[in-house]
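File shown here: data-v1.pdb, holding PDB, C-alpha atoms, pLDDT in the B column.
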```pdb
MODEL        1
ATOM      1  CA  MET A  23      47.188  -7.872 -86.236  1.00 86.00           C
ATOM      2  CA  LEU A  24      48.359 -11.189 -84.748  1.00 93.00           C
ATOM      3  CA  ALA A  25      52.002 -10.297 -85.422  1.00 95.00           C
ATOM      4  CA  ARG A  26      51.450  -7.004 -83.583  1.00 96.00           C
ATOM      5  CA  ASP A  27      49.960  -8.879 -80.608  1.00 96.00           C
ATOM      6  CA  ILE A  28      52.901 -11.309 -80.529  1.00 98.00           C
ATOM      7  CA  ARG A  29      55.416  -8.454 -80.574  1.00 98.00           C
ATOM      8  CA  LEU A  30      53.513  -6.616 -77.855  1.00 97.00           C
ATOM      9  CA  ALA A  31      53.307  -9.746 -75.651  1.00 97.00           C
ATOM     10  CA  HIS A  32      57.052 -10.241 -76.058  1.00 98.00           C
ATOM     11  CA  ARG A  33      57.795  -6.588 -75.313  1.00 98.00           C
ATOM     12  CA  LEU A  34      55.740  -6.822 -72.115  1.00 98.00           C
ATOM     13  CA  GLY A  35      57.596  -9.966 -71.038  1.00 98.00           C
ATOM     14  CA  PHE A  36      54.793 -12.475 -71.554  1.00 97.00           C
ATOM     15  CA  THR A  37      55.466 -15.980 -72.865  1.00 97.00           C
ATOM     16  CA  VAL A  38      51.818 -17.037 -73.290  1.00 98.00           C
ATOM     17  CA  MET A  39      49.090 -14.994 -74.947  1.00 97.00           C
ATOM     18  CA  ARG A  40      45.423 -15.471 -75.656  1.00 94.00           C
ATOM     19  CA  THR A  41      45.062 -15.639 -79.397  1.00 92.00           C
ATOM     20  CA  LYS A  42      41.910 -13.852 -80.421  1.00 84.00           C
ATOM     21  CA  MET A  43      40.525 -15.231 -83.670  1.00 80.00           C
ATOM     22  CA  PRO A  44      37.187 -14.209 -85.143  1.00 78.00           C
ATOM     23  CA  VAL A  45      34.449 -16.790 -84.608  1.00 79.00           C
ATOM     24  CA  ILE A  46      31.762 -17.680 -87.124  1.00 83.00           C
ATOM     25  CA  THR A  47      29.217 -19.650 -85.088  1.00 80.00           C
ATOM     26  CA  ASP A  48      27.384 -19.406 -81.781  1.00 75.00           C
ATOM     27  CA  ASP A  49      29.452 -22.317 -80.474  1.00 74.00           C
ATOM     28  CA  LEU A  50      32.624 -20.243 -81.032  1.00 78.00           C
ATOM     29  CA  ALA A  51      34.080 -22.062 -84.057  1.00 84.00           C
ATOM     30  CA  PRO A  52      36.974 -19.998 -85.474  1.00 89.00           C
ATOM     31  CA  VAL A  53      37.157 -18.650 -89.016  1.00 91.00           C
ATOM     32  CA  LYS A  54      37.714 -21.389 -91.596  1.00 93.00           C
ATOM     33  CA  ASN A  55      41.257 -20.241 -92.469  1.00 94.00           C
ATOM     34  CA  TRP A  56      42.517 -20.225 -88.861  1.00 96.00           C
ATOM     35  CA  ARG A  57      45.225 -22.786 -89.693  1.00 96.00           C
ATOM     36  CA  GLU A  58      46.740 -20.510 -92.322  1.00 96.00           C
ATOM     37  CA  ILE A  59      46.598 -17.536 -89.968  1.00 95.00           C
ATOM     38  CA  ILE A  60      48.407 -19.439 -87.208  1.00 97.00           C
ATOM     39  CA  LYS A  61      50.948 -20.989 -89.622  1.00 97.00           C
ATOM     40  CA  MET A  62      51.882 -17.507 -90.847  1.00 96.00           C
ATOM     41  CA  ALA A  63      52.352 -16.320 -87.251  1.00 97.00           C
ATOM     42  CA  LEU A  64      54.315 -19.362 -86.006  1.00 98.00           C
ATOM     43  CA  PRO A  65      57.795 -18.234 -87.168  1.00 98.00           C
ATOM     44  CA  LEU A  66      57.472 -14.936 -85.282  1.00 98.00           C
ATOM     45  CA  ALA A  67      56.017 -16.668 -82.210  1.00 98.00           C
ATOM     46  CA  GLU A  68      58.893 -19.163 -82.250  1.00 98.00           C
ATOM     47  CA  LYS A  69      61.493 -16.414 -82.680  1.00 98.00           C
ATOM     48  CA  LEU A  70      60.083 -14.403 -79.751  1.00 98.00           C
ATOM     49  CA  GLY A  71      59.223 -17.385 -77.530  1.00 98.00           C
ATOM     50  CA  ILE A  72      55.471 -16.787 -77.446  1.00 98.00           C
ATOM     51  CA  LYS A  73      52.833 -19.498 -77.071  1.00 98.00           C
ATOM     52  CA  MET A  74      49.584 -18.537 -78.833  1.00 98.00           C
ATOM     53  CA  CYS A  75      46.500 -19.988 -77.145  1.00 97.00           C
ATOM     54  CA  PRO A  76      42.915 -19.602 -78.350  1.00 95.00           C
ATOM     55  CA  GLU A  77      40.433 -19.520 -75.497  1.00 95.00           C
ATOM     56  CA  ILE A  78      38.230 -22.594 -75.151  1.00 95.00           C
ATOM     57  CA  HIS A  79      35.092 -21.128 -73.606  1.00 92.00           C
ATOM     58  CA  THR A  80      31.545 -22.196 -72.812  1.00 90.00           C
ATOM     59  CA  PRO A  81      29.597 -23.672 -74.634  1.00 90.00           C
ATOM     60  CA  THR A  82      32.542 -25.575 -76.148  1.00 92.00           C
ATOM     61  CA  ASN A  83      32.756 -29.305 -75.532  1.00 94.00           C
ATOM     62  CA  LEU A  84      36.330 -30.357 -74.732  1.00 97.00           C
ATOM     63  CA  LYS A  85      35.704 -33.598 -76.656  1.00 97.00           C
ATOM     64  CA  GLY A  86      34.256 -31.698 -79.618  1.00 94.00           C
ATOM     65  CA  GLN A  87      35.576 -31.200 -83.134  1.00 94.00           C
ATOM     66  CA  MET A  88      36.940 -27.696 -82.634  1.00 95.00           C
ATOM     67  CA  VAL A  89      39.257 -28.766 -79.802  1.00 97.00           C
ATOM     68  CA  ALA A  90      40.223 -31.906 -81.754  1.00 97.00           C
ATOM     69  CA  ASP A  91      41.109 -29.718 -84.750  1.00 97.00           C
ATOM     70  CA  PHE A  92      43.373 -27.535 -82.591  1.00 97.00           C
ATOM     71  CA  VAL A  93      45.126 -30.600 -81.130  1.00 98.00           C
ATOM     72  CA  ASP A  94      45.503 -32.166 -84.600  1.00 98.00           C
ATOM     73  CA  PHE A  95      47.104 -28.940 -85.839  1.00 98.00           C
ATOM     74  CA  ILE A  96      49.585 -28.994 -82.939  1.00 98.00           C
ATOM     75  CA  LYS A  97      50.467 -32.629 -83.633  1.00 98.00           C
ATOM     76  CA  GLU A  98      50.761 -32.090 -87.415  1.00 98.00           C
ATOM     77  CA  THR A  99      53.029 -29.053 -87.086  1.00 97.00           C
ATOM     78  CA  GLY A 100      54.918 -30.243 -84.024  1.00 98.00           C
ATOM     79  CA  THR A 101      54.772 -26.699 -82.699  1.00 98.00           C
ATOM     80  CA  LYS A 102      55.213 -25.758 -79.066  1.00 97.00           C
ATOM     81  CA  ASN A 103      54.093 -22.206 -79.874  1.00 98.00           C
ATOM     82  CA  PHE A 104      50.388 -22.913 -80.255  1.00 98.00           C
ATOM     83  CA  GLY A 105      48.285 -24.456 -77.513  1.00 98.00           C
ATOM     84  CA  LEU A 106      45.061 -24.143 -75.580  1.00 98.00           C
ATOM     85  CA  ASN A 107      43.692 -21.731 -72.996  1.00 97.00           C
ATOM     86  CA  ILE A 108      40.859 -23.475 -71.157  1.00 98.00           C
ATOM     87  CA  ASP A 109      38.285 -21.172 -69.592  1.00 97.00           C
ATOM     88  CA  PHE A 110      36.833 -22.865 -66.506  1.00 98.00           C
ATOM     89  CA  SER A 111      33.348 -21.760 -67.594  1.00 95.00           C
ATOM     90  CA  VAL A 112      33.313 -25.014 -69.611  1.00 96.00           C
ATOM     91  CA  PHE A 113      32.902 -26.832 -66.263  1.00 98.00           C
ATOM     92  CA  ARG A 114      30.143 -24.603 -64.889  1.00 96.00           C
ATOM     93  CA  THR A 115      27.333 -26.593 -63.295  1.00 95.00           C
ATOM     94  CA  GLU A 116      25.184 -23.945 -61.577  1.00 93.00           C
ATOM     95  CA  PHE A 117      23.347 -20.935 -63.034  1.00 90.00           C
ATOM     96  CA  GLY A 118      21.273 -18.343 -61.209  1.00 84.00           C
ATOM     97  CA  GLU A 119      17.605 -17.760 -61.984  1.00 83.00           C
ATOM     98  CA  ASN A 120      18.291 -14.611 -63.991  1.00 81.00           C
ATOM     99  CA  GLU A 121      21.426 -15.856 -65.725  1.00 83.00           C
ATOM    100  CA  TYR A 122      21.499 -16.921 -69.351  1.00 82.00           C
ATOM    101  CA  LYS A 123      22.371 -20.545 -69.992  1.00 84.00           C
ATOM    102  CA  ASP A 124      23.085 -21.549 -73.582  1.00 81.00           C
ATOM    103  CA  PRO A 125      20.514 -24.223 -74.506  1.00 84.00           C
ATOM    104  CA  HIS A 126      23.257 -26.313 -76.175  1.00 80.00           C
ATOM    105  CA  TYR A 127      25.574 -26.211 -73.177  1.00 87.00           C
ATOM    106  CA  THR A 128      26.513 -29.366 -71.320  1.00 92.00           C
ATOM    107  CA  ALA A 129      29.151 -29.049 -68.611  1.00 95.00           C
ATOM    108  CA  ASN A 130      32.446 -30.790 -69.269  1.00 97.00           C
ATOM    109  CA  VAL A 131      33.879 -32.885 -66.459  1.00 98.00           C
ATOM    110  CA  PRO A 132      37.370 -32.199 -65.058  1.00 98.00           C
ATOM    111  CA  GLU A 133      38.678 -35.542 -66.383  1.00 98.00           C
ATOM    112  CA  ASP A 134      38.076 -34.230 -69.917  1.00 98.00           C
ATOM    113  CA  LEU A 135      41.225 -32.154 -69.374  1.00 98.00           C
ATOM    114  CA  ILE A 136      43.538 -35.155 -69.081  1.00 98.00           C
ATOM    115  CA  PRO A 137      44.230 -35.857 -72.785  1.00 98.00           C
ATOM    116  CA  LEU A 138      44.546 -32.112 -73.448  1.00 98.00           C
ATOM    117  CA  LEU A 139      47.016 -31.260 -70.683  1.00 98.00           C
ATOM    118  CA  PRO A 140      50.152 -31.470 -72.894  1.00 98.00           C
ATOM    119  CA  TYR A 141      48.639 -28.705 -75.061  1.00 98.00           C
ATOM    120  CA  ILE A 142      47.234 -26.443 -72.312  1.00 98.00           C
ATOM    121  CA  TYR A 143      49.576 -23.593 -71.407  1.00 98.00           C
ATOM    122  CA  CYS A 144      47.141 -21.510 -69.386  1.00 98.00           C
ATOM    123  CA  CYS A 145      43.619 -21.540 -68.006  1.00 98.00           C
ATOM    124  CA  HIS A 146      41.196 -18.765 -67.287  1.00 97.00           C
ATOM    125  CA  ALA A 147      40.387 -19.622 -63.686  1.00 98.00           C
ATOM    126  CA  LYS A 148      36.926 -18.143 -63.987  1.00 97.00           C
ATOM    127  CA  PHE A 149      34.997 -17.509 -60.809  1.00 96.00           C
ATOM    128  CA  ILE A 150      31.417 -16.334 -60.566  1.00 94.00           C
ATOM    129  CA  HIS A 151      30.319 -16.761 -56.949  1.00 93.00           C
ATOM    130  CA  MET A 152      32.677 -17.176 -54.011  1.00 94.00           C
ATOM    131  CA  SER A 153      31.071 -18.216 -50.733  1.00 95.00           C
ATOM    132  CA  ASP A 154      32.160 -16.882 -47.363  1.00 94.00           C
ATOM    133  CA  ASP A 155      33.877 -20.214 -46.696  1.00 96.00           C
ATOM    134  CA  PHE A 156      36.138 -19.777 -49.748  1.00 97.00           C
ATOM    135  CA  GLU A 157      34.354 -22.049 -52.213  1.00 97.00           C
ATOM    136  CA  GLU A 158      33.374 -21.272 -55.801  1.00 97.00           C
ATOM    137  CA  THR A 159      29.758 -22.459 -55.914  1.00 96.00           C
ATOM    138  CA  THR A 160      29.221 -22.750 -59.688  1.00 96.00           C
ATOM    139  CA  ILE A 161      32.381 -24.530 -60.909  1.00 98.00           C
ATOM    140  CA  PRO A 162      33.873 -27.764 -59.455  1.00 98.00           C
ATOM    141  CA  TYR A 163      37.260 -26.264 -58.598  1.00 98.00           C
ATOM    142  CA  LYS A 164      38.378 -28.944 -56.164  1.00 98.00           C
ATOM    143  CA  GLU A 165      38.080 -31.627 -58.852  1.00 98.00           C
ATOM    144  CA  ILE A 166      39.656 -29.467 -61.580  1.00 98.00           C
ATOM    145  CA  ILE A 167      42.673 -28.588 -59.444  1.00 98.00           C
ATOM    146  CA  GLN A 168      43.062 -32.221 -58.389  1.00 98.00           C
ATOM    147  CA  VAL A 169      43.245 -33.302 -62.053  1.00 98.00           C
ATOM    148  CA  LEU A 170      45.895 -30.644 -62.727  1.00 98.00           C
ATOM    149  CA  LYS A 171      47.904 -31.704 -59.673  1.00 98.00           C
ATOM    150  CA  ASP A 172      47.586 -35.448 -60.353  1.00 97.00           C
ATOM    151  CA  HIS A 173      49.042 -34.940 -63.828  1.00 98.00           C
ATOM    152  CA  ASN A 174      51.786 -32.478 -62.823  1.00 97.00           C
ATOM    153  CA  TRP A 175      50.386 -29.759 -65.060  1.00 98.00           C
ATOM    154  CA  ASP A 176      52.794 -26.838 -65.282  1.00 95.00           C
ATOM    155  CA  GLY A 177      50.921 -23.855 -66.635  1.00 96.00           C
ATOM    156  CA  TYR A 178      49.296 -20.603 -65.589  1.00 97.00           C
ATOM    157  CA  LEU A 179      45.972 -20.009 -63.839  1.00 97.00           C
ATOM    158  CA  LEU A 180      44.612 -16.554 -64.646  1.00 96.00           C
ATOM    159  CA  SER A 181      41.892 -15.297 -62.292  1.00 96.00           C
ATOM    160  CA  GLU A 182      38.867 -13.993 -64.173  1.00 95.00           C
ATOM    161  CA  TYR A 183      35.822 -12.685 -62.312  1.00 94.00           C
ATOM    162  CA  GLU A 184      32.466 -13.019 -64.095  1.00 91.00           C
ATOM    163  CA  GLY A 185      29.988 -12.308 -61.300  1.00 87.00           C
ATOM    164  CA  ALA A 186      26.708 -10.607 -62.110  1.00 80.00           C
ATOM    165  CA  ASP A 187      27.856  -7.450 -60.322  1.00 82.00           C
ATOM    166  CA  LYS A 188      31.133  -7.018 -62.185  1.00 81.00           C
ATOM    167  CA  TYR A 189      29.847  -3.984 -64.099  1.00 82.00           C
ATOM    168  CA  ASP A 190      28.095  -2.303 -61.167  1.00 82.00           C
ATOM    169  CA  PRO A 191      29.528   1.178 -60.592  1.00 81.00           C
ATOM    170  CA  GLY A 192      31.776   1.126 -57.558  1.00 75.00           C
ATOM    171  CA  TYR A 193      31.890  -2.660 -57.266  1.00 79.00           C
ATOM    172  CA  GLU A 194      35.287  -3.769 -56.007  1.00 80.00           C
ATOM    173  CA  VAL A 195      36.323  -7.313 -56.907  1.00 82.00           C
ATOM    174  CA  GLY A 196      39.241  -7.310 -54.443  1.00 84.00           C
ATOM    175  CA  GLN A 197      37.574  -9.218 -51.613  1.00 87.00           C
ATOM    176  CA  THR A 198      36.072 -11.742 -54.018  1.00 91.00           C
ATOM    177  CA  LEU A 199      39.442 -12.205 -55.707  1.00 93.00           C
ATOM    178  CA  ARG A 200      41.080 -12.719 -52.324  1.00 94.00           C
ATOM    179  CA  LYS A 201      38.526 -15.447 -51.546  1.00 95.00           C
ATOM    180  CA  GLN A 202      39.376 -17.166 -54.829  1.00 97.00           C
ATOM    181  CA  HIS A 203      43.090 -17.024 -54.094  1.00 96.00           C
ATOM    182  CA  ILE A 204      42.546 -18.512 -50.638  1.00 97.00           C
ATOM    183  CA  MET A 205      40.518 -21.311 -52.239  1.00 97.00           C
ATOM    184  CA  LEU A 206      43.253 -21.955 -54.814  1.00 97.00           C
ATOM    185  CA  LYS A 207      45.942 -22.009 -52.121  1.00 97.00           C
ATOM    186  CA  ASN A 208      43.855 -24.497 -50.141  1.00 97.00           C
ATOM    187  CA  TYR A 209      43.495 -26.793 -53.168  1.00 97.00           C
ATOM    188  CA  ILE A 210      46.953 -26.376 -54.650  1.00 96.00           C
ATOM    189  CA  GLY A 211      48.893 -26.210 -51.414  1.00 89.00           C
ATOM    190  CA  ASP A 212      52.269 -24.545 -51.026  1.00 68.00           C
TER     191      ASP A 212
ENDMDL
END
```
Let me see whether you can do it: turn the structure in this file into structure tokens.
Amino acid sequence: MLARDIRLAHRLGFTVMRTKMPVITDDLAPVKNWREIIKMALPLAEKLGIKMCPEIHTPTNLKGQMVADFVDFIKETGTKNFGLNIDFSVFRTEFGENEYKDPHYTANVPEDLIPLLPYIYCCHAKFIHMSDDFEETTIPYKEIIQVLKDHNWDGYLLSEYEGADKYDPGYEVGQTLRKQHIMLKNYIGD
């Protein structure tokens, strides 16, 4: 299955792909044999120039064991074809009254990214609520982007809308997405 995904990513012209591994706990720990799975896929990923990146998503702690295990694997193998995809939900600080908040969740701070930046190839630039003045009100984007800029991070930001209305019939995310892109342009600059 992973080999098929790598071939498909390559065929479509992608160089980075989200690596979907089954998880075995509520805090998103991957299957116990994930190292073997990735090691078997590395030769094909290297041959086709694909970087496999598991998504680091809420409620994951960026200083936790799972992330440390991924980084240790990268260091041990020396691979450039396995890295991290940080979902900005790990920085979320605000939740609405009717929104579920994992009881074990503690927001990471943007500075937690710094030691991980050499291993981060892409980020899910999650946005939940964009204000009319082009600010994401639940995630500290200004600080996150500043960390990325200060450390000359050279990866991809992938817009991902997770607003409560995303499944409403007829809802169009276009205007909300445009607001996010204006915000990103303001923070990143030209």
Counting only C-alpha atoms, what is within 12 Å of Asp91 in chain A, bar same-chain residues fewer than 2 positions away, as a PyMOL selection string? chain A and resi 51-52+54+56-57+84-89+93-98+105-106
key: Non-local contacts of Lys207 in chain A (12 Å; only C-alpha atoms; under 6 positions in same chain excluded) as a PyMOL selection string   = chain A and resi 156-157+163-164+167+179+200-201
Just want the 12 Å neighbourhood of Lys69 in chain A, counted on all atoms listed in the file, with same-chain residues fewer than 3 positions away dropped. Output as a VMD selection string. chain A and resid 25 28 to 29 32 37 63 to 66 72 to 73 102 to 103
Where's the centre, and what are the edge lengths in Å to one decimal, of a box along x, y and z enclosing all listed atoms of range 193-198 of chain A padded 4 Å per side, as lines of an AutoDock Vina configuration file?
```
center_x = 35.6
center_y = -7.2
center_z = -54.4
size_x = 15.4
size_y = 17.1
size_z = 13.7
```
Written as a ChimeraX atom specification, what is the full residue list that the PyMOL selection byres ((chain A and resi 199) around 9) yields on the file shown? /A:149,152,181-183,195-198,200-204
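Here CA of Glu133 in chain A is placed at a distance of 12.0 Å from CA of Lys171 in chain A.
Selection check: the PyMOL selection byres ((chain A and resi 39) around 6) on the shown file gives Val38, Arg40 and Met74 of chain A.
Selection around (44.7, -33.4, -77.3) with radius 7 Å, counting only C-alpha atoms, yields the residues Ala90, Val93, Pro137, Leu138 and Tyr141 of chain A.
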(message) Selection in question (the file shown): the PyMOL selection byres ((chain A and resi 146) around 8). Which residues does it include, as an MDAnalysis selection string?
(response) chainID A and resid 107:110 144:145 147:148 179:182
Would you write out those residues with C-alpha atoms, as an mmCIF file, keeping the file's coordinate frame?
```
data_model
loop_
_atom_site.group_PDB
_atom_site.id
_atom_site.type_symbol
_atom_site.label_atom_id
_atom_site.label_comp_id
_atom_site.auth_asym_id
_atom_site.auth_seq_id
_atom_site.Cartn_x
_atom_site.Cartn_y
_atom_site.Cartn_z
ATOM 1 C CA ASN A 107 43.692 -21.731 -72.996
ATOM 2 C CA ILE A 108 40.859 -23.475 -71.157
ATOM 3 C CA ASP A 109 38.285 -21.172 -69.592
ATOM 4 C CA PHE A 110 36.833 -22.865 -66.506
ATOM 5 C CA CYS A 144 47.141 -21.510 -69.386
ATOM 6 C CA CYS A 145 43.619 -21.540 -68.006
ATOM 7 C CA ALA A 147 40.387 -19.622 -63.686
ATOM 8 C CA LYS A 148 36.926 -18.143 -63.987
ATOM 9 C CA LEU A 179 45.972 -20.009 -63.839
ATOM 10 C CA LEU A 180 44.612 -16.554 -64.646
ATOM 11 C CA SER A 181 41.892 -15.297 -62.292
ATOM 12 C CA GLU A 182 38.867 -13.993 -64.173
#
```
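A straight line drawn from CA of Ile150 in chain A to CA of Lys188 in chain A is 9.5 Å long.
Considering the residues A:Thr159, A:Thr80, A:Thr47, A:Asn130 and counting all atoms listed in the file, Phe117 in chain A has its shortest atom-to-atom contact with A:Thr159.
A straight line drawn from CA of Trp175 in chain A to CA of Val131 in chain A is 16.9 Å long.
Nearest-residue note for Asn83 in chain A: choosing from A:Tyr127, A:Leu70, A:Asp48, A:Ile60, the minimum distance belongs to A:Tyr127, counting only C-alpha atoms.
Nearest to Leu30 in chain A of all the residues A:Ala67, A:His79, A:His151, A:Glu158 is A:Ala67, counting all atoms listed in the file.
Taking all atoms listed in the file into account, Pro132 in chain A lies nearest to A:Glu165 out of the set A:Asn120, A:Pro81, A:Glu165, A:Thr160.
Here the question is which of A:Leu170, A:Thr82, A:Ala186, A:Lys61 gets nearest to Tyr143 in chain A using only C-alpha atoms, and that residue is A:Leu170.
Nearest residue to Ile142 in chain A among A:Tyr193, A:Asp154, A:Asp187, A:Pro76 is A:Pro76, counting only C-alpha atoms.
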Practice item. Write out as a VMD selection string the residues lying within 9 Å of Val53 in chain A, counting only C-alpha atoms and excluding same-chain residues fewer than 4 positions away. Key: chain A and resid 43 to 47
